[in-house]
file protein_36.cif (mmCIF, C-alpha atoms)
data_run
loop_
_atom_site.label_atom_id
_atom_site.label_comp_id
_atom_site.auth_asym_id
_atom_site.auth_seq_id
_atom_site.Cartn_x
_atom_site.Cartn_y
_atom_site.Cartn_z
CA CYS A 1 1.66 38.17 288.87
CA LEU A 2 3.04 37.60 292.37
CA PRO A 3 4.49 40.56 294.28
CA ILE A 4 8.22 41.26 293.91
CA GLY A 5 10.19 39.56 296.66
CA PHE A 6 7.24 37.34 297.53
CA THR A 7 8.43 35.00 300.29
CA PRO A 8 5.50 34.61 302.70
CA SER A 9 5.70 32.43 305.78
CA GLU A 10 3.12 29.84 306.69
CA GLU A 11 1.83 32.19 309.35
CA ASP A 12 1.48 35.00 306.81
CA LEU A 13 -0.72 32.78 304.64
CA ALA A 14 -2.90 31.58 307.52
CA PRO A 15 -6.59 32.61 307.54
CA ARG A 16 -7.57 35.64 309.62
CA GLY A 17 -11.31 35.08 309.74
CA THR A 18 -12.01 37.88 307.24
CA ARG A 19 -13.69 38.05 303.85
CA TYR A 20 -10.20 38.25 302.32
CA ASP A 21 -8.94 34.87 303.62
CA GLY A 22 -8.96 33.30 300.15
CA GLN A 23 -6.78 36.11 298.86
CA ILE A 24 -4.53 35.96 301.95
CA ALA A 25 -4.02 32.22 301.34
CA VAL A 26 -2.41 33.09 297.99
CA PHE A 27 -0.70 36.43 298.58
CA GLY A 28 -0.34 36.63 302.36
CA SER A 29 -1.62 39.04 304.98
CA ALA A 30 1.24 41.51 304.51
CA PHE A 31 0.28 41.98 300.90
CA GLN A 32 -3.40 42.25 301.86
CA GLN A 33 -2.52 45.05 304.26
CA GLN A 34 -0.50 46.75 301.56
CA ILE A 35 -3.43 46.94 299.15
CA ALA A 36 -5.81 47.84 302.00
CA ASP A 37 -3.74 50.98 302.64
CA PHE A 38 -3.42 51.79 298.93
CA LYS A 39 -4.40 55.20 297.57
CA GLU A 40 -5.81 54.96 294.04
CA PHE A 41 -7.21 57.47 291.54
CA LEU A 42 -9.84 56.12 289.12
CA VAL A 43 -10.59 58.33 286.11
CA GLY A 44 -14.00 57.38 284.74
CA ALA A 45 -16.93 55.53 286.30
CA GLY A 46 -18.51 54.09 283.18
CA ALA A 47 -18.36 50.50 281.92
CA ILE A 48 -14.70 49.90 282.76
CA GLY A 49 -14.84 52.05 285.88
CA CYS A 50 -17.74 50.00 287.28
CA GLU A 51 -15.78 46.80 286.70
CA MET A 52 -12.70 48.24 288.38
CA LEU A 53 -14.58 49.45 291.44
CA LYS A 54 -16.34 46.11 291.81
CA ASN A 55 -13.05 44.21 291.60
CA TRP A 56 -11.39 46.52 294.09
CA ALA A 57 -14.29 46.18 296.50
CA MET A 58 -14.01 42.39 296.35
CA MET A 59 -10.23 42.59 296.83
CA GLY A 60 -10.40 45.06 299.70
CA LEU A 61 -8.34 47.69 297.89
CA ALA A 62 -8.21 50.86 300.00
CA ALA A 63 -10.36 49.21 302.69
CA GLY A 64 -7.72 49.76 305.39
CA GLU A 65 -7.17 52.65 307.72
CA GLY A 66 -4.78 54.42 305.35
CA GLY A 67 -6.56 53.57 302.10
CA VAL A 68 -8.58 55.84 299.80
CA ILE A 69 -10.03 55.68 296.29
CA HIS A 70 -10.60 58.90 294.39
CA VAL A 71 -13.02 58.47 291.49
CA THR A 72 -14.03 61.18 289.05
CA ASP A 73 -16.66 61.24 286.32
CA MET A 74 -18.56 64.33 285.20
CA ASP A 75 -21.35 62.37 283.49
CA THR A 76 -24.79 61.45 284.72
CA ILE A 77 -26.33 58.03 284.16
CA GLU A 78 -28.34 57.53 280.97
CA LYS A 79 -30.71 54.70 280.21
CA SER A 80 -28.42 53.31 277.51
CA ASN A 81 -25.68 52.87 280.14
CA LEU A 82 -27.64 50.21 282.01
CA ASN A 83 -26.84 47.35 279.63
CA ARG A 84 -23.14 47.38 280.48
CA GLN A 85 -22.53 49.66 283.50
CA PHE A 86 -23.83 47.11 285.95
CA LEU A 87 -23.52 49.14 289.16
CA PHE A 88 -26.40 51.31 287.97
CA ARG A 89 -30.14 50.59 288.05
CA PRO A 90 -33.12 52.19 286.27
CA SER A 91 -33.84 54.24 289.38
CA ASP A 92 -30.33 55.75 289.08
CA VAL A 93 -30.93 57.39 285.66
CA GLY A 94 -30.05 61.07 285.93
CA LYS A 95 -27.78 60.64 288.95
CA LEU A 96 -24.01 61.24 288.92
CA LYS A 97 -21.99 58.18 287.92
CA SER A 98 -19.19 58.68 290.46
CA ASP A 99 -21.54 59.04 293.44
CA THR A 100 -23.77 56.15 292.40
CA ALA A 101 -20.92 53.76 291.64
CA ALA A 102 -19.23 54.54 294.96
CA ALA A 103 -22.44 53.90 296.87
CA ALA A 104 -23.01 50.59 295.03
CA VAL A 105 -19.60 49.11 295.80
CA THR A 106 -19.78 50.29 299.40
CA LYS A 107 -22.86 48.11 299.75
CA MET A 108 -20.84 45.22 298.32
CA ASN A 109 -18.06 45.79 300.83
CA PRO A 110 -18.94 47.95 303.86
CA ASP A 111 -15.21 48.15 304.67
CA LEU A 112 -15.08 50.85 301.97
CA LYS A 113 -17.44 53.16 303.84
CA GLY A 114 -15.81 56.57 303.98
CA LYS A 115 -12.91 55.36 301.82
CA ILE A 116 -14.17 56.53 298.41
CA VAL A 117 -13.94 60.23 297.54
CA THR A 118 -16.04 61.18 294.52
CA HIS A 119 -15.36 64.01 292.09
CA GLN A 120 -17.23 65.39 289.09
CA ASP A 121 -14.35 67.25 287.48
CA ARG A 122 -13.05 66.25 284.07
CA VAL A 123 -9.31 65.73 283.88
CA GLY A 124 -7.54 68.36 281.82
CA ALA A 125 -5.52 71.54 281.94
CA ASP A 126 -8.50 73.48 283.28
CA THR A 127 -8.76 71.29 286.41
CA GLU A 128 -5.10 71.21 287.39
CA VAL A 129 -6.03 73.46 290.30
CA VAL A 130 -8.04 70.48 291.59
CA TYR A 131 -5.71 67.65 290.58
CA ASN A 132 -2.58 69.52 291.59
CA ASP A 133 0.80 68.61 293.08
CA GLY A 134 -0.72 67.92 296.47
CA PHE A 135 -3.33 65.63 294.99
CA PHE A 136 -0.83 63.51 293.08
CA ASP A 137 1.52 63.42 296.07
CA GLY A 138 -1.32 61.81 298.02
CA ILE A 139 -1.97 58.89 295.67
CA ASP A 140 -0.01 55.75 294.86
CA ALA A 141 -1.29 54.99 291.33
CA VAL A 142 -3.81 55.94 288.65
CA THR A 143 -6.28 53.84 286.67
CA ASN A 144 -7.75 55.16 283.44
CA ALA A 145 -11.25 54.02 282.50
CA LEU A 146 -11.89 56.45 279.68
CA ASP A 147 -13.59 56.49 276.30
CA ASN A 148 -11.57 59.17 274.52
CA VAL A 149 -7.94 59.27 273.51
CA GLU A 150 -7.34 62.93 274.40
CA ALA A 151 -8.08 62.40 278.10
CA ARG A 152 -6.08 59.18 278.16
CA ARG A 153 -3.02 60.92 276.75
CA TYR A 154 -3.42 63.77 279.20
CA MET A 155 -3.51 61.43 282.20
CA ASP A 156 -0.58 59.49 280.80
CA GLY A 157 1.40 62.72 280.67
CA ARG A 158 0.49 63.59 284.25
CA CYS A 159 1.56 60.15 285.45
CA VAL A 160 4.88 60.49 283.64
CA PHE A 161 5.39 63.93 285.20
CA TYR A 162 4.54 62.77 288.72
CA ARG A 163 6.16 59.33 288.24
CA LYS A 164 3.03 57.42 289.17
CA PRO A 165 2.17 53.91 287.91
CA LEU A 166 -0.73 53.91 285.47
CA LEU A 167 -3.13 51.10 284.63
CA GLU A 168 -4.32 52.32 281.27
CA SER A 169 -7.61 50.89 280.11
CA GLY A 170 -10.16 52.37 277.79
CA THR A 171 -12.54 51.92 274.93
CA LEU A 172 -12.99 53.67 271.60
CA GLY A 173 -16.02 52.46 269.69
CA THR A 174 -15.70 48.69 269.41
CA LYS A 175 -11.99 48.76 270.29
CA GLY A 176 -10.48 48.29 273.74
CA ASN A 177 -7.02 48.68 275.24
CA THR A 178 -5.22 47.75 278.44
CA GLN A 179 -1.65 48.64 279.29
CA VAL A 180 0.41 48.67 282.47
CA VAL A 181 2.71 51.68 282.64
CA VAL A 182 5.45 51.57 285.30
CA PRO A 183 7.83 54.54 285.68
CA PHE A 184 11.36 53.81 284.46
CA LEU A 185 10.37 50.29 283.41
CA THR A 186 7.82 50.39 280.56
CA GLU A 187 6.92 52.75 277.75
CA SER A 188 4.12 55.20 278.40
CA TYR A 189 0.71 55.05 276.74
CA SER A 190 1.48 58.03 274.50
CA ALA A 191 4.74 56.51 273.26
CA SER A 192 2.84 54.59 270.59
CA GLN A 193 -0.53 54.87 268.94
CA ASP A 194 -2.84 52.96 266.64
CA PRO A 195 -2.93 53.77 262.94
CA PRO A 196 -5.79 56.05 261.87
CA GLU A 197 -9.19 54.37 262.05
CA LYS A 198 -10.42 53.28 258.64
CA SER A 199 -13.84 54.57 257.72
CA ILE A 200 -16.43 52.24 256.21
CA PRO A 201 -16.61 52.79 252.44
CA SER A 202 -19.84 54.48 251.39
CA CYS A 203 -20.50 51.78 248.79
CA THR A 204 -20.43 49.15 251.55
CA LEU A 205 -22.81 51.12 253.76
CA LYS A 206 -25.24 51.89 250.97
CA ASN A 207 -25.29 48.71 248.90
CA PHE A 208 -23.22 45.90 250.39
CA PRO A 209 -23.44 45.87 254.22
CA ASN A 210 -22.13 42.64 255.72
CA ALA A 211 -21.78 43.43 259.44
CA ILE A 212 -24.04 44.88 262.09
CA GLU A 213 -21.72 47.90 262.36
CA HIS A 214 -22.48 48.70 258.72
CA THR A 215 -26.24 48.70 259.23
CA ILE A 216 -25.96 50.82 262.37
CA GLN A 217 -23.82 53.41 260.60
CA TRP A 218 -26.17 53.36 257.61
CA ALA A 219 -29.13 54.05 259.91
CA ARG A 220 -27.31 56.92 261.65
CA ASP A 221 -26.39 58.45 258.30
CA LEU A 222 -29.99 58.03 257.13
CA PHE A 223 -31.28 59.77 260.25
CA ALA A 224 -29.05 62.75 259.54
CA GLY A 225 -29.92 62.72 255.84
CA LEU A 226 -33.67 62.76 256.47
CA PHE A 227 -34.20 64.68 259.71
CA VAL A 228 -31.16 66.89 260.26
CA GLN A 229 -29.39 68.04 257.10
CA PRO A 230 -32.48 68.98 255.02
CA ALA A 231 -33.82 71.17 257.83
CA GLU A 232 -30.43 72.83 258.26
CA SER A 233 -30.15 73.42 254.50
CA VAL A 234 -33.63 74.97 254.30
CA ASN A 235 -32.86 77.24 257.27
CA ALA A 236 -29.57 78.31 255.70
CA TYR A 237 -31.33 79.12 252.42
CA LEU A 238 -33.98 81.21 254.18
CA ALA A 239 -31.45 83.06 256.34
CA THR A 240 -28.56 83.61 253.90
CA PRO A 241 -28.82 86.33 251.23
CA ASP A 242 -27.60 85.13 247.83
CA TYR A 243 -27.43 81.59 249.26
CA VAL A 244 -26.27 79.89 246.05
CA ASN A 245 -23.16 82.02 245.70
CA VAL A 246 -22.41 82.52 249.38
CA ALA A 247 -23.04 79.07 250.83
CA LEU A 248 -22.45 76.93 247.75
CA GLY A 249 -19.87 79.06 245.99
CA GLN A 250 -17.04 76.51 246.25
CA ALA A 251 -19.15 73.45 245.39
CA ASN A 252 -19.24 71.92 241.93
CA ASP A 253 -22.41 72.07 239.85
CA ALA A 254 -23.45 68.51 240.77
CA ALA A 255 -23.21 69.28 244.49
CA LYS A 256 -25.10 72.53 244.04
CA VAL A 257 -27.88 70.77 242.14
CA GLU A 258 -28.17 68.12 244.86
CA ALA A 259 -28.29 70.70 247.65
CA LEU A 260 -30.83 72.88 245.87
CA ARG A 261 -33.01 69.91 244.97
CA THR A 262 -33.14 69.04 248.66
CA ILE A 263 -34.19 72.59 249.54
CA GLN A 264 -36.83 72.65 246.82
CA LYS A 265 -38.15 69.27 247.91
CA PHE A 266 -38.38 69.99 251.63
CA LEU A 267 -39.44 73.64 251.38
CA VAL A 268 -41.91 73.43 248.50
CA ALA A 269 -42.65 70.18 246.68
CA GLU A 270 -43.08 67.89 249.70
CA ARG A 271 -43.72 70.37 252.48
CA PRO A 272 -46.43 68.80 254.68
CA LEU A 273 -49.47 70.77 255.79
CA ALA A 274 -50.88 68.12 258.12
CA PHE A 275 -49.67 65.01 259.91
CA ASP A 276 -51.26 62.70 257.32
CA ASP A 277 -48.94 64.30 254.74
CA CYS A 278 -46.02 63.22 256.94
CA VAL A 279 -47.39 59.67 257.01
CA ALA A 280 -47.62 59.60 253.22
CA TRP A 281 -44.05 60.91 252.98
CA ALA A 282 -42.85 58.20 255.38
CA ARG A 283 -44.64 55.57 253.32
CA ARG A 284 -42.93 56.77 250.12
CA THR A 285 -39.59 56.86 251.94
CA PHE A 286 -40.10 53.24 253.02
CA GLU A 287 -40.76 52.30 249.40
CA THR A 288 -37.63 54.05 248.16
CA LEU A 289 -35.31 52.57 250.78
CA TYR A 290 -36.52 49.00 251.06
CA ASN A 291 -38.08 48.27 247.69
CA ASP A 292 -37.01 50.59 244.89
CA ASN A 293 -33.33 50.85 245.77
CA ILE A 294 -33.07 47.11 246.37
CA ARG A 295 -34.78 46.26 243.09
CA GLN A 296 -32.43 48.61 241.23
CA LEU A 297 -29.44 46.98 242.93
CA LEU A 298 -30.65 43.49 241.94
CA TYR A 299 -31.35 44.74 238.42
CA ASN A 300 -27.73 45.82 238.10
CA PHE A 301 -26.42 42.75 239.91
CA PRO A 302 -28.89 39.83 239.80
CA ALA A 303 -28.70 37.17 242.49
CA ASP A 304 -27.03 34.78 240.01
CA ALA A 305 -24.67 37.36 238.49
CA VAL A 306 -21.06 36.30 238.00
CA THR A 307 -17.88 38.35 237.82
CA SER A 308 -15.39 38.42 234.96
CA SER A 309 -13.49 35.64 236.73
CA GLY A 310 -16.54 33.39 236.81
CA GLN A 311 -17.27 33.72 240.52
CA LEU A 312 -20.69 34.60 241.87
CA PHE A 313 -20.94 38.37 242.36
CA TRP A 314 -22.89 37.86 245.59
CA SER A 315 -20.14 35.90 247.30
CA PRO A 316 -19.20 36.50 250.94
CA PRO A 317 -18.90 39.00 252.42
CA LYS A 318 -21.50 40.38 250.00
CA ARG A 319 -25.06 39.23 250.64
CA ALA A 320 -27.81 39.45 248.05
CA PRO A 321 -30.63 41.59 249.45
CA THR A 322 -34.37 41.06 249.18
CA ALA A 323 -36.83 43.81 248.29
CA VAL A 324 -39.52 44.39 250.91
CA ALA A 325 -43.13 45.10 249.99
CA PHE A 326 -44.90 47.33 252.51
CA ASN A 327 -47.39 45.46 254.66
CA PRO A 328 -49.62 47.52 256.99
CA GLU A 329 -50.08 44.38 259.10
CA ASP A 330 -46.35 44.06 259.75
CA ASP A 331 -45.41 45.74 263.03
CA LEU A 332 -41.85 46.45 261.89
CA HIS A 333 -43.06 48.21 258.74
CA VAL A 334 -45.54 50.29 260.73
CA ASP A 335 -42.83 51.08 263.31
CA PHE A 336 -40.76 52.70 260.57
CA VAL A 337 -43.66 54.75 259.23
CA VAL A 338 -44.74 55.86 262.72
CA ALA A 339 -41.21 56.99 263.64
CA ALA A 340 -40.42 58.63 260.28
CA ALA A 341 -43.78 60.43 260.12
CA ASN A 342 -43.43 61.83 263.64
CA LEU A 343 -39.84 62.96 263.06
CA HIS A 344 -40.88 64.61 259.77
CA ALA A 345 -43.71 66.34 261.61
CA PHE A 346 -41.25 67.50 264.27
CA ASN A 347 -39.09 69.10 261.57
CA TYR A 348 -42.07 71.20 260.47
CA GLY A 349 -43.54 71.94 263.88
CA LEU A 350 -46.62 69.80 263.27
CA THR A 351 -48.36 67.77 265.96
CA GLY A 352 -47.51 64.08 265.68
CA SER A 353 -49.56 61.03 266.53
CA ARG A 354 -49.08 57.59 268.10
CA ASP A 355 -52.30 56.13 266.68
CA ARG A 356 -50.77 53.13 264.93
CA GLN A 357 -54.06 51.97 263.42
CA HIS A 358 -54.74 55.34 261.81
CA ILE A 359 -51.14 55.68 260.62
CA ALA A 360 -51.22 52.18 259.09
CA GLN A 361 -54.46 53.00 257.27
CA VAL A 362 -53.10 56.27 255.87
CA ALA A 363 -49.85 54.58 254.85
CA ALA A 364 -51.71 51.76 253.08
CA ALA A 365 -53.82 54.27 251.16
CA ALA A 366 -50.91 56.56 250.21
CA GLU A 367 -50.14 56.93 246.53
CA VAL A 368 -46.78 55.39 245.72
CA GLU A 369 -45.25 55.85 242.30
CA LYS A 370 -44.72 52.57 240.50
CA PHE A 371 -41.03 51.81 240.19
CA GLU A 372 -39.29 50.17 237.30
CA PRO A 373 -35.53 49.52 237.39
CA ARG A 374 -33.61 51.60 234.90
CA ALA A 375 -30.74 50.62 232.66
CA GLY A 376 -27.59 52.70 232.82
CA VAL A 377 -27.77 53.48 236.54
CA ALA A 378 -24.22 53.34 237.89
CA ILE A 379 -23.70 51.68 241.29
CA GLN A 380 -20.31 51.83 242.98
CA VAL A 381 -18.99 48.39 243.90
CA ASN A 382 -15.46 49.12 245.16
CA GLU A 383 -14.17 51.99 247.27
CA ASN A 384 -11.66 53.13 244.65
CA GLU A 385 -14.04 52.74 241.73
CA ALA A 386 -15.05 56.00 240.08
CA VAL A 387 -18.74 56.21 239.30
CA GLU A 388 -20.06 59.05 237.21
CA GLY A 389 -23.23 60.60 238.48
CA GLU A 390 -26.01 61.99 236.37
CA PRO A 391 -24.70 64.76 234.13
CA ARG A 392 -25.33 68.26 235.42
CA ASP A 393 -25.07 71.46 233.45
CA VAL A 394 -25.37 75.17 234.08
CA ASP A 395 -28.82 75.32 232.50
CA GLU A 396 -30.14 72.69 234.94
CA LEU A 397 -28.64 74.56 237.88
CA GLU A 398 -30.13 77.84 236.75
CA GLY A 399 -33.49 76.18 236.24
CA ILE A 400 -33.55 74.87 239.82
CA VAL A 401 -32.45 78.26 241.20
CA LYS A 402 -35.26 80.00 239.30
CA GLY A 403 -37.74 77.47 240.65
CA LEU A 404 -36.89 78.16 244.27
CA PRO A 405 -39.24 80.48 246.14
CA ASP A 406 -38.25 83.92 247.38
CA PRO A 407 -37.03 83.54 250.99
CA ALA A 408 -38.94 86.71 251.83
CA ALA A 409 -42.17 84.78 251.28
CA PHE A 410 -41.19 82.51 254.19
CA ALA A 411 -40.43 85.22 256.74
CA GLY A 412 -40.35 83.68 260.20
CA VAL A 413 -40.45 80.13 258.85
CA ARG A 414 -37.77 77.79 260.15
CA LEU A 415 -37.50 74.02 260.26
CA GLU A 416 -36.38 72.21 263.39
CA PRO A 417 -33.51 69.72 262.93
CA ALA A 418 -33.87 66.59 265.06
CA GLU A 419 -30.88 66.24 267.38
CA PHE A 420 -30.24 62.51 267.76
CA GLU A 421 -30.83 61.28 271.31
CA LYS A 422 -30.59 57.55 271.90
CA ASP A 423 -31.71 57.54 275.53
CA ASP A 424 -35.26 58.80 275.11
CA ASP A 425 -37.62 55.98 274.17
CA SER A 426 -40.44 58.42 273.44
CA ASN A 427 -38.76 60.51 270.74
CA PHE A 428 -38.88 57.97 267.84
CA HIS A 429 -35.10 58.05 267.44
#

call {"tool": "encode", "arguments": {"input": "protein_36.cif", "output": "structure tokens"}}
result
Amino acid sequence: CLPIGFTPSEEDLAPRGTRYDGQIAVFGSAFQQQIADFKEFLVGAGAIGCEMLKNWAMMGLAAGEGGVIHVTDMDTIEKSNLNRQFLFRPSDVGKLKSDTAAAAVTKMNPDLKGKIVTHQDRVGADTEVVYNDGFFDGIDAVTNALDNVEARRYMDGRCVFYRKPLLESGTLGTKGNTQVVVPFLTESYSASQDPPEKSIPSCTLKNFPNAIEHTIQWARDLFAGLFVQPAESVNAYLATPDYVNVALGQANDAAKVEALRTIQKFLVAERPLAFDDCVAWARRTFETLYNDNIRQLLYNFPADAVTSSGQLFWSPPKRAPTAVAFNPEDDLHVDFVVAAANLHAFNYGLTGSRDRQHIAQVAAAAEVEKFEPRAGVAIQVNENEAVEGEPRDVDELEGIVKGLPDPAAFAGVRLEPAEFEKDDDSNFH
């Protein structure tokens, strides 16, 4: 990692009485001056961008008379950023990332005062009037600190065009990448790519989760399935003439039945009139998810079940689950009911409540249908395993359609889908 042609003299390695003496003792003062006069462009001031700026501040990059760091990030700081983007503090929430990060590292190294130029423009074809020929002529290198592949490829292309070195670094979900791209010496970032990301099989998410990523994805899917998609389906039914043929025309009968059952359930059968109705619904939902479904799974595959080869069915990575009985004294159980009831109330425009004692009392008193596991219920075990659902026929479909109310009777009625927002602690998401 030493500079090319590195032959420093003893004098070059001698201390200068600066904060960089440790670095000078290894690389020499000439090299220190070279990086002090460096002109760098940092794209992104998130988790990786904060780390880069901190390292550069400690190194003295661009701290000299001729040095400059351009940093761009169009985002503002959110509360969820604070656990990994360490240059930011709770008081910074809502502020621009580029400005805040620049100010933070300038405090770390006052030599950078006036040396960091902040931007809030995304990189792309629409900002080439900003990051133009003159801009790239005035920088020595580019560092990517991005979280999406499209922007990374774009910057890679610009660096190839302008023949600028690129330190490519970025994240995508739980994956990370670093790559040094040197003109005429290495391949560019876009020259190769990862294979398509494999999705988590639905059977794993629903019945056999074995990693924290599985449970997180299951919870996100559940959020959409309870508080987003039903409201959107009801609104589409109320707003679309001849909904069954227009919106569901290409779906098979089983899919139509499932969609119409959801509409009938959320628009008629289980439509709440008061917040306590939402609490009762949340209590029944808890029972279905954490008791009934688990008991059915263990009925199909008991804890001591063995496969055709004689091995235990519940062998790693599979983990045998445990059914959970609702306990109004358990804070975690009440947390679920409080959040689900308030989100359900939000869907219907009802006023929610944070009275945990009242909600726990209503939940404990709610009528919950007694569940008994059923024989013949098919549960998918492997991704490629075909599982037949319950048989559907035209008569059943027609019966559900006839049972749906006339949309005209709900003139002006619309449900409100809950848009997931992870950074608001008060919204029960």

call {"tool": "closest_residue", "arguments": {"input": "protein_36.cif", "among": "A:Leu13, A:Val401, A:Leu167, A:Ala45", "to": "His70 of chain A", "atoms": "all atoms listed in the file"}}
result
A:Ala45

call {"tool": "residues_near_point", "arguments": {"input": "protein_36.cif", "point": "(-19.4, 51.1, 292.9)", "cutoff": "12 Å", "atoms": "all atoms listed in the file", "output": "PyMOL selection string"}}
result
chain A and resi 42+44-58+69-71+85-89+96-110+112-113+115-118

call {"tool": "write_last_selection", "arguments": {"input": "protein_36.cif", "atoms": "C-alpha atoms", "output": "short mmCIF file (atom, residue, chain, number, x, y, z; two decimals), in the frame of the given file"}}
result
data_model
loop_
_atom_site.label_atom_id
_atom_site.label_comp_id
_atom_site.auth_asym_id
_atom_site.auth_seq_id
_atom_site.Cartn_x
_atom_site.Cartn_y
_atom_site.Cartn_z
CA LEU A 42 -9.84 56.12 289.12
CA GLY A 44 -14.00 57.38 284.74
CA ALA A 45 -16.93 55.53 286.30
CA GLY A 46 -18.51 54.09 283.18
CA ALA A 47 -18.36 50.50 281.92
CA ILE A 48 -14.70 49.90 282.76
CA GLY A 49 -14.84 52.05 285.88
CA CYS A 50 -17.74 50.00 287.28
CA GLU A 51 -15.78 46.80 286.70
CA MET A 52 -12.70 48.24 288.38
CA LEU A 53 -14.58 49.45 291.44
CA LYS A 54 -16.34 46.11 291.81
CA ASN A 55 -13.05 44.21 291.60
CA TRP A 56 -11.39 46.52 294.09
CA ALA A 57 -14.29 46.18 296.50
CA MET A 58 -14.01 42.39 296.35
CA ILE A 69 -10.03 55.68 296.29
CA HIS A 70 -10.60 58.90 294.39
CA VAL A 71 -13.02 58.47 291.49
CA GLN A 85 -22.53 49.66 283.50
CA PHE A 86 -23.83 47.11 285.95
CA LEU A 87 -23.52 49.14 289.16
CA PHE A 88 -26.40 51.31 287.97
CA ARG A 89 -30.14 50.59 288.05
CA LEU A 96 -24.01 61.24 288.92
CA LYS A 97 -21.99 58.18 287.92
CA SER A 98 -19.19 58.68 290.46
CA ASP A 99 -21.54 59.04 293.44
CA THR A 100 -23.77 56.15 292.40
CA ALA A 101 -20.92 53.76 291.64
CA ALA A 102 -19.23 54.54 294.96
CA ALA A 103 -22.44 53.90 296.87
CA ALA A 104 -23.01 50.59 295.03
CA VAL A 105 -19.60 49.11 295.80
CA THR A 106 -19.78 50.29 299.40
CA LYS A 107 -22.86 48.11 299.75
CA MET A 108 -20.84 45.22 298.32
CA ASN A 109 -18.06 45.79 300.83
CA PRO A 110 -18.94 47.95 303.86
CA LEU A 112 -15.08 50.85 301.97
CA LYS A 113 -17.44 53.16 303.84
CA LYS A 115 -12.91 55.36 301.82
CA ILE A 116 -14.17 56.53 298.41
CA VAL A 117 -13.94 60.23 297.54
CA THR A 118 -16.04 61.18 294.52
#

call {"tool": "closest_atom_pairs", "arguments": {"input": "protein_36.cif", "of": "segment 217-240 of chain A", "to": "segment 345-363 of chain A", "cutoff": "12 Å", "atoms": "only C-alpha atoms", "output": "Markdown table"}}
result
| residue | atom | partner | partner_atom | distance |
| --- | --- | --- | --- | --- |
| A:Leu226 | CA | A:Asn347 | CA | 9.8 |
| A:Phe227 | CA | A:Asn347 | CA | 6.8 |
| A:Val228 | CA | A:Asn347 | CA | 8.3 |
| A:Gln229 | CA | A:Asn347 | CA | 10.7 |
| A:Pro230 | CA | A:Asn347 | CA | 9.3 |
| A:Ala231 | CA | A:Asn347 | CA | 6.8 |
| A:Glu232 | CA | A:Asn347 | CA | 10.0 |
| A:Val234 | CA | A:Asn347 | CA | 10.8 |
| A:Asn235 | CA | A:Asn347 | CA | 11.1 |

call {"tool": "atom_distance", "arguments": {"input": "protein_36.cif", "atom1": "atom CA of Arg16 of chain A", "atom2": "atom CA of Asp140 of chain A"}}
result
26.1 Å

call {"tool": "atom_distance", "arguments": {"input": "protein_36.cif", "atom1": "atom CA of Met74 of chain A", "atom2": "atom CA of His119 of chain A"}}
result
7.6 Å

call {"tool": "atom_distance", "arguments": {"input": "protein_36.cif", "atom1": "atom CA of Lys164 of chain A", "atom2": "atom CA of Pro183 of chain A"}}
result
6.6 Å

call {"tool": "closest_residue", "arguments": {"input": "protein_36.cif", "among": "A:Leu267, A:Leu332, A:Val123, A:Ala14", "to": "Arg158 of chain A", "atoms": "all atoms listed in the file"}}
result
A:Val123

call {"tool": "closest_residue", "arguments": {"input": "protein_36.cif", "among": "A:Ser308, A:Thr186, A:Thr174, A:Ser233", "to": "Val160 of chain A", "atoms": "all atoms listed in the file"}}
result
A:Thr186

call {"tool": "resolve_selection", "arguments": {"input": "protein_36.cif", "expression": "the PyMOL selection byres ((chain A and resi 29-39) around 6)", "output": "list of chain:residue names"}}
result
A:Asp12, A:Ile24, A:Gly28, A:Glu40, A:Gly60, A:Leu61, A:Ala62, A:Ala63, A:Gly64, A:Gly66, A:Gly67, A:Val68, A:Ile69, A:Ile139, A:Asp140

call {"tool": "resolve_selection", "arguments": {"input": "protein_36.cif", "expression": "the PyMOL selection byres ((chain A and resi 202) around 12)", "output": "list in words"}}
result
Lys198, Ser199, Ile200, Pro201, Cys203, Thr204, Leu205, Lys206, Asn207, Phe208, Pro209, His214, Thr215, Gln217, Trp218, Asp221, Ile379, Gln380, Val381, Asn382, Glu383, Asn384 and Glu385 of chain A

call {"tool": "closest_residue", "arguments": {"input": "protein_36.cif", "among": "A:Gln264, A:Gly157, A:Gly124, A:Asn144", "to": "Lys402 of chain A", "atoms": "all atoms listed in the file"}}
result
A:Gln264

call {"tool": "resolve_selection", "arguments": {"input": "protein_36.cif", "expression": "the PyMOL selection byres ((chain A and resi 187) around 12)", "output": "list in words"}}
result
Asp156, Gly157, Cys159, Val160, Pro165, Leu166, Glu168, Gln179, Val180, Val181, Val182, Pro183, Phe184, Leu185, Thr186, Ser188, Tyr189, Ser190, Ala191, Ser192 and Gln193 of chain A

call {"tool": "closest_residue", "arguments": {"input": "protein_36.cif", "among": "A:Ala378, A:Leu297, A:Val43, A:Leu260", "to": "Gln120 of chain A", "atoms": "all atoms listed in the file"}}
result
A:Val43

call {"tool": "axis_aligned_box", "arguments": {"input": "protein_36.cif", "around": "segment 269-283 of chain A", "padding_each_side": "6 Å", "output": "lines of an AutoDock Vina configuration file"}}
result
center_x = -47.0
center_y = 63.2
center_z = 253.3
size_x = 20.6
size_y = 27.2
size_z = 25.2
